[in-house]
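Peer 1: Have a look at this one.
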Amino acid sequence: MNGPGLKDTAMPVHAAMHEFAVADDMLQLGGLPLSRLAQRVGSTPFYAYERSHIVRRVAQLRAALPAGVHLHYAMKANPMPAVVQLLAGLVDGIDVASGGELATALDTPLPAHCISFAGPGKREGELARAVAAGVLVNVESRVQLEKTALASERLGVAARVAVRVNPDFALRRAGMRMGGGAQPFGVDAAQVPALLARIGELGLDFHGFHLFAGAQNLCATALAEAQSHSVRLALQLADSAPGPLRTLNIGGGFGVPYFPGDRPLDLAPVAEGLQAQLDLLGSAAPGVRLNLELGRYLVAEAGIYVCKVLERKLSHGQVFLVTDGGLHHHLAASGNFGQLIRKNYPVAIGNRLHGGEREVASVVGPLCTPLDLLADQMELARAGEGDLVVVFQSGAYGLTASPTAFLGHPLPAEVLV
């Protein structure tokens, strides 16, 4: 088969499996056949991220969304330095969540004022580095504010701060809720006015608010609703602020389709809603910068995880493909990273995408636990020792979200092609 996409397959349809080119029944990534890419990397397992895919995704997003929306990359989705460097040239800012991520972001061409630092447990040393660099610190508690002020005083620099708000609403139909009740993130909305008064007393450089109501959402209506609530809450809280509202980060939450039946997010209603919010801000808070913080949506579909079949095993009539990769490298694909009911990620035999013969098989890793499962009873091309298993939708929350030290297996490589 030649041309893009995996078509005419009997397995349940995963939208993600149409993302890459295919030639001679082999997946192509970055213009290279998978087998040649594996030789270039030198070993399996490995993660590979396609540069052109990321560039195309950002361009599509820019074309769909209103021009007044500023696009930020949430580095936690994929902090590989090469990926971050690429995105630094495509987006308007980077949002980090640790001192390590901050160091990576500061190595990019983006100026420090385009970087923001979130997280409920910032250490004093991290805060001092952030203040010294001039990045925007999203304070998430009274204690964190006082530590930021102390760093500011010691350095003789007025820290740039925003308040992360824990909103009273949540993002409906979100894969992960981050608002609408007790949360370790941010400051409860009712407590924000008092914190704003303290920011004024401390003489810090107030910029605005950060709100994040939820993640991994494929419902455009729910996203638009949460964005509307976020903007209105921010405008309400701004009445108590020690200065004008200059920056408003309304988070992201844009989901990607992982499982059969998932439909890609329709950007048109989201864009329409964002334009309405820009219009509202234009009259209520002229000059405010509206930031959309996206991670998964920018990189997830651009990445694959590749491992090699070590052995073909039959047990009670069930086929197991034992590979050199597993949950220690890709916890999310094993179903142990937030799934309530385990579902298969899109998985295929990368060098036999269709194959002349197909079968139902399970793909397992080398670990001594039944949780080490990359594909459970999926229809795949018949595979054997040396064939390459591909897990799609692996560009976000892959390697760094996995227990890589478990059982002492080697780390996989990461490449950007």
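Quick note on naming: the chains in the structure tokens go A, B, ... in the order shown, residues restart at 1 in each chain, and ligands are numbered from 1 in order of appearance.
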Among stretch 177-326 of chain A, which ones does DSSP assign to alpha helix (DSSP H) (computed from the backbone)? Answer as a ChimeraX atom specification.
Peer 2: /A:192-202,220-238,267-284,296-299
Peer 1: Produce a file of the selected residues containing C-alpha atoms, as a PDB file, in the first residue's frame.
Peer 2:
ATOM      1  CA  VAL A 192      -8.132  35.679  45.748  1.00  0.00           C
ATOM      2  CA  PRO A 193      -9.149  39.271  46.700  1.00  0.00           C
ATOM      3  CA  ALA A 194      -7.209  39.048  49.967  1.00  0.00           C
ATOM      4  CA  LEU A 195      -4.175  37.696  48.131  1.00  0.00           C
ATOM      5  CA  LEU A 196      -4.400  40.527  45.604  1.00  0.00           C
ATOM      6  CA  ALA A 197      -4.386  43.045  48.418  1.00  0.00           C
ATOM      7  CA  ARG A 198      -1.237  41.439  49.803  1.00  0.00           C
ATOM      8  CA  ILE A 199       0.444  41.623  46.387  1.00  0.00           C
ATOM      9  CA  GLY A 200      -0.210  45.361  46.447  1.00  0.00           C
ATOM     10  CA  GLU A 201       1.250  45.688  49.960  1.00  0.00           C
ATOM     11  CA  LEU A 202       4.387  43.827  48.878  1.00  0.00           C
ATOM     12  CA  ALA A 220     -16.017  22.102  21.804  1.00  0.00           C
ATOM     13  CA  THR A 221     -19.129  23.323  23.628  1.00  0.00           C
ATOM     14  CA  ALA A 222     -17.713  22.434  27.032  1.00  0.00           C
ATOM     15  CA  LEU A 223     -14.410  24.147  26.227  1.00  0.00           C
ATOM     16  CA  ALA A 224     -16.130  27.337  25.063  1.00  0.00           C
ATOM     17  CA  GLU A 225     -18.274  27.331  28.187  1.00  0.00           C
ATOM     18  CA  ALA A 226     -15.261  26.962  30.494  1.00  0.00           C
ATOM     19  CA  GLN A 227     -13.393  29.724  28.645  1.00  0.00           C
ATOM     20  CA  SER A 228     -16.374  32.046  29.029  1.00  0.00           C
ATOM     21  CA  HIS A 229     -16.605  31.292  32.762  1.00  0.00           C
ATOM     22  CA  SER A 230     -12.843  31.852  33.112  1.00  0.00           C
ATOM     23  CA  VAL A 231     -12.890  35.266  31.474  1.00  0.00           C
ATOM     24  CA  ARG A 232     -15.865  36.453  33.495  1.00  0.00           C
ATOM     25  CA  LEU A 233     -14.321  35.254  36.738  1.00  0.00           C
ATOM     26  CA  ALA A 234     -11.041  36.989  35.901  1.00  0.00           C
ATOM     27  CA  LEU A 235     -12.827  40.266  35.184  1.00  0.00           C
ATOM     28  CA  GLN A 236     -14.699  39.987  38.470  1.00  0.00           C
ATOM     29  CA  LEU A 237     -11.490  39.351  40.417  1.00  0.00           C
ATOM     30  CA  ALA A 238      -9.675  42.137  38.582  1.00  0.00           C
ATOM     31  CA  LEU A 267     -12.029  23.984  16.467  1.00  0.00           C
ATOM     32  CA  ALA A 268     -14.687  26.180  14.815  1.00  0.00           C
ATOM     33  CA  PRO A 269     -17.004  26.526  17.875  1.00  0.00           C
ATOM     34  CA  VAL A 270     -13.975  27.003  20.123  1.00  0.00           C
ATOM     35  CA  ALA A 271     -12.683  29.792  17.884  1.00  0.00           C
ATOM     36  CA  GLU A 272     -16.099  31.439  17.825  1.00  0.00           C
ATOM     37  CA  GLY A 273     -16.226  31.386  21.613  1.00  0.00           C
ATOM     38  CA  LEU A 274     -12.709  32.777  21.921  1.00  0.00           C
ATOM     39  CA  GLN A 275     -13.576  35.665  19.645  1.00  0.00           C
ATOM     40  CA  ALA A 276     -16.501  36.495  21.920  1.00  0.00           C
ATOM     41  CA  GLN A 277     -14.135  36.502  24.905  1.00  0.00           C
ATOM     42  CA  LEU A 278     -11.673  38.752  23.068  1.00  0.00           C
ATOM     43  CA  ASP A 279     -14.496  41.176  22.325  1.00  0.00           C
ATOM     44  CA  LEU A 280     -15.520  41.202  25.984  1.00  0.00           C
ATOM     45  CA  LEU A 281     -11.953  41.773  27.168  1.00  0.00           C
ATOM     46  CA  GLY A 282     -11.474  44.486  24.586  1.00  0.00           C
ATOM     47  CA  SER A 283     -14.212  46.547  26.201  1.00  0.00           C
ATOM     48  CA  ALA A 284     -13.729  45.555  29.859  1.00  0.00           C
ATOM     49  CA  ARG A 296      -0.964  17.554  24.549  1.00  0.00           C
ATOM     50  CA  TYR A 297      -2.829  19.074  21.586  1.00  0.00           C
ATOM     51  CA  LEU A 298       0.394  20.326  20.006  1.00  0.00           C
ATOM     52  CA  VAL A 299       2.558  17.217  20.333  1.00  0.00           C
TER      53      VAL A 299
END
Peer 1: Would you mind reading off the distance between atom CA of A:Arg129 and atom CA of A:Arg154, one decimal, in Å?
Peer 2: 11.8 Å
Peer 1: With distances taken over only C-alpha atoms, which of A:Val83, A:Ala112, A:Leu327, A:Ala64 is nearest to A:Ala48?
Peer 2: A:Val83
Peer 1: Where does stretch 374-399 of chain A meet stretch 346-360 of chain A within 9 Å, residue by residue, with the nearest atom pair and distance in Å to one decimal for each, counting only C-alpha atoms, listed by chain and rising number, as JSON lines?
Peer 2:
{"residue": "A:Leu374", "atom": "CA", "partner": "A:Val347", "partner_atom": "CA", "distance": 8.0}
{"residue": "A:Ala375", "atom": "CA", "partner": "A:Val347", "partner_atom": "CA", "distance": 6.8}
{"residue": "A:Asp376", "atom": "CA", "partner": "A:Val360", "partner_atom": "CA", "distance": 9.0}
{"residue": "A:Gln377", "atom": "CA", "partner": "A:Val360", "partner_atom": "CA", "distance": 5.5}
{"residue": "A:Met378", "atom": "CA", "partner": "A:Val360", "partner_atom": "CA", "distance": 5.2}
{"residue": "A:Glu379", "atom": "CA", "partner": "A:Val360", "partner_atom": "CA", "distance": 4.3}
{"residue": "A:Leu380", "atom": "CA", "partner": "A:Arg358", "partner_atom": "CA", "distance": 5.6}
{"residue": "A:Ala381", "atom": "CA", "partner": "A:Arg358", "partner_atom": "CA", "distance": 4.3}
{"residue": "A:Arg382", "atom": "CA", "partner": "A:Arg358", "partner_atom": "CA", "distance": 5.0}
{"residue": "A:Ala383", "atom": "CA", "partner": "A:Ile349", "partner_atom": "CA", "distance": 7.1}
{"residue": "A:Asp387", "atom": "CA", "partner": "A:Asn351", "partner_atom": "CA", "distance": 6.7}
{"residue": "A:Leu388", "atom": "CA", "partner": "A:Gly350", "partner_atom": "CA", "distance": 5.4}
{"residue": "A:Val389", "atom": "CA", "partner": "A:Ile349", "partner_atom": "CA", "distance": 4.6}
{"residue": "A:Val390", "atom": "CA", "partner": "A:Ala348", "partner_atom": "CA", "distance": 5.3}
{"residue": "A:Val391", "atom": "CA", "partner": "A:Val347", "partner_atom": "CA", "distance": 4.6}
{"residue": "A:Phe392", "atom": "CA", "partner": "A:Pro346", "partner_atom": "CA", "distance": 5.4}
{"residue": "A:Gln393", "atom": "CA", "partner": "A:Pro346", "partner_atom": "CA", "distance": 7.2}
Peer 1: Any chance you could export the current selection's N, CA and C atoms as a PDB file, in the first residue's frame?
Peer 2:
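For reference, out.pdb as written:
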ATOM      1  N   LEU A 374       0.684  -3.349  26.589  1.00  0.00           N
ATOM      2  CA  LEU A 374       0.576  -2.243  25.635  1.00  0.00           C
ATOM      3  C   LEU A 374      -0.617  -2.394  24.699  1.00  0.00           C
ATOM      4  N   ALA A 375      -1.071  -3.610  24.490  1.00  0.00           N
ATOM      5  CA  ALA A 375      -2.252  -3.846  23.652  1.00  0.00           C
ATOM      6  C   ALA A 375      -2.917  -5.125  24.141  1.00  0.00           C
ATOM      7  N   ASP A 376      -4.198  -5.031  24.409  1.00  0.00           N
ATOM      8  CA  ASP A 376      -4.931  -6.167  24.948  1.00  0.00           C
ATOM      9  C   ASP A 376      -5.900  -6.699  23.902  1.00  0.00           C
ATOM     10  N   GLN A 377      -5.571  -7.889  23.339  1.00  0.00           N
ATOM     11  CA  GLN A 377      -6.457  -8.562  22.397  1.00  0.00           C
ATOM     12  C   GLN A 377      -6.856  -7.637  21.243  1.00  0.00           C
ATOM     13  N   MET A 378      -5.859  -7.127  20.543  1.00  0.00           N
ATOM     14  CA  MET A 378      -6.093  -6.273  19.382  1.00  0.00           C
ATOM     15  C   MET A 378      -5.866  -7.053  18.102  1.00  0.00           C
ATOM     16  N   GLU A 379      -6.575  -6.668  17.052  1.00  0.00           N
ATOM     17  CA  GLU A 379      -6.295  -7.256  15.754  1.00  0.00           C
ATOM     18  C   GLU A 379      -5.085  -6.561  15.152  1.00  0.00           C
ATOM     19  N   LEU A 380      -4.052  -7.353  14.834  1.00  0.00           N
ATOM     20  CA  LEU A 380      -2.804  -6.837  14.298  1.00  0.00           C
ATOM     21  C   LEU A 380      -2.347  -7.729  13.157  1.00  0.00           C
ATOM     22  N   ALA A 381      -1.421  -7.229  12.363  1.00  0.00           N
ATOM     23  CA  ALA A 381      -0.756  -8.110  11.400  1.00  0.00           C
ATOM     24  C   ALA A 381       0.021  -9.167  12.177  1.00  0.00           C
ATOM     25  N   ARG A 382       0.049 -10.368  11.650  1.00  0.00           N
ATOM     26  CA  ARG A 382       0.787 -11.432  12.333  1.00  0.00           C
ATOM     27  C   ARG A 382       2.254 -11.032  12.420  1.00  0.00           C
ATOM     28  N   ALA A 383       2.804 -11.105  13.631  1.00  0.00           N
ATOM     29  CA  ALA A 383       4.171 -10.625  13.862  1.00  0.00           C
ATOM     30  C   ALA A 383       4.984 -11.672  14.585  1.00  0.00           C
ATOM     31  N   ASP A 387      10.035  -7.955  14.596  1.00  0.00           N
ATOM     32  CA  ASP A 387       9.085  -6.969  14.067  1.00  0.00           C
ATOM     33  C   ASP A 387       8.954  -5.797  15.037  1.00  0.00           C
ATOM     34  N   LEU A 388       8.506  -4.659  14.506  1.00  0.00           N
ATOM     35  CA  LEU A 388       8.462  -3.419  15.269  1.00  0.00           C
ATOM     36  C   LEU A 388       7.023  -3.052  15.615  1.00  0.00           C
ATOM     37  N   VAL A 389       6.748  -2.957  16.893  1.00  0.00           N
ATOM     38  CA  VAL A 389       5.442  -2.545  17.387  1.00  0.00           C
ATOM     39  C   VAL A 389       5.449  -1.029  17.559  1.00  0.00           C
ATOM     40  N   VAL A 390       4.401  -0.388  17.070  1.00  0.00           N
ATOM     41  CA  VAL A 390       4.276   1.066  17.165  1.00  0.00           C
ATOM     42  C   VAL A 390       3.055   1.414  18.001  1.00  0.00           C
ATOM     43  N   VAL A 391       3.261   2.297  18.979  1.00  0.00           N
ATOM     44  CA  VAL A 391       2.158   2.871  19.751  1.00  0.00           C
ATOM     45  C   VAL A 391       2.006   4.317  19.292  1.00  0.00           C
ATOM     46  N   PHE A 392       0.868   4.625  18.679  1.00  0.00           N
ATOM     47  CA  PHE A 392       0.610   5.980  18.203  1.00  0.00           C
ATOM     48  C   PHE A 392       0.159   6.873  19.368  1.00  0.00           C
ATOM     49  N   GLN A 393      -0.061   8.149  19.064  1.00  0.00           N
ATOM     50  CA  GLN A 393      -0.503   9.137  20.065  1.00  0.00           C
ATOM     51  C   GLN A 393       0.463   9.187  21.249  1.00  0.00           C
TER      52      GLN A 393
END
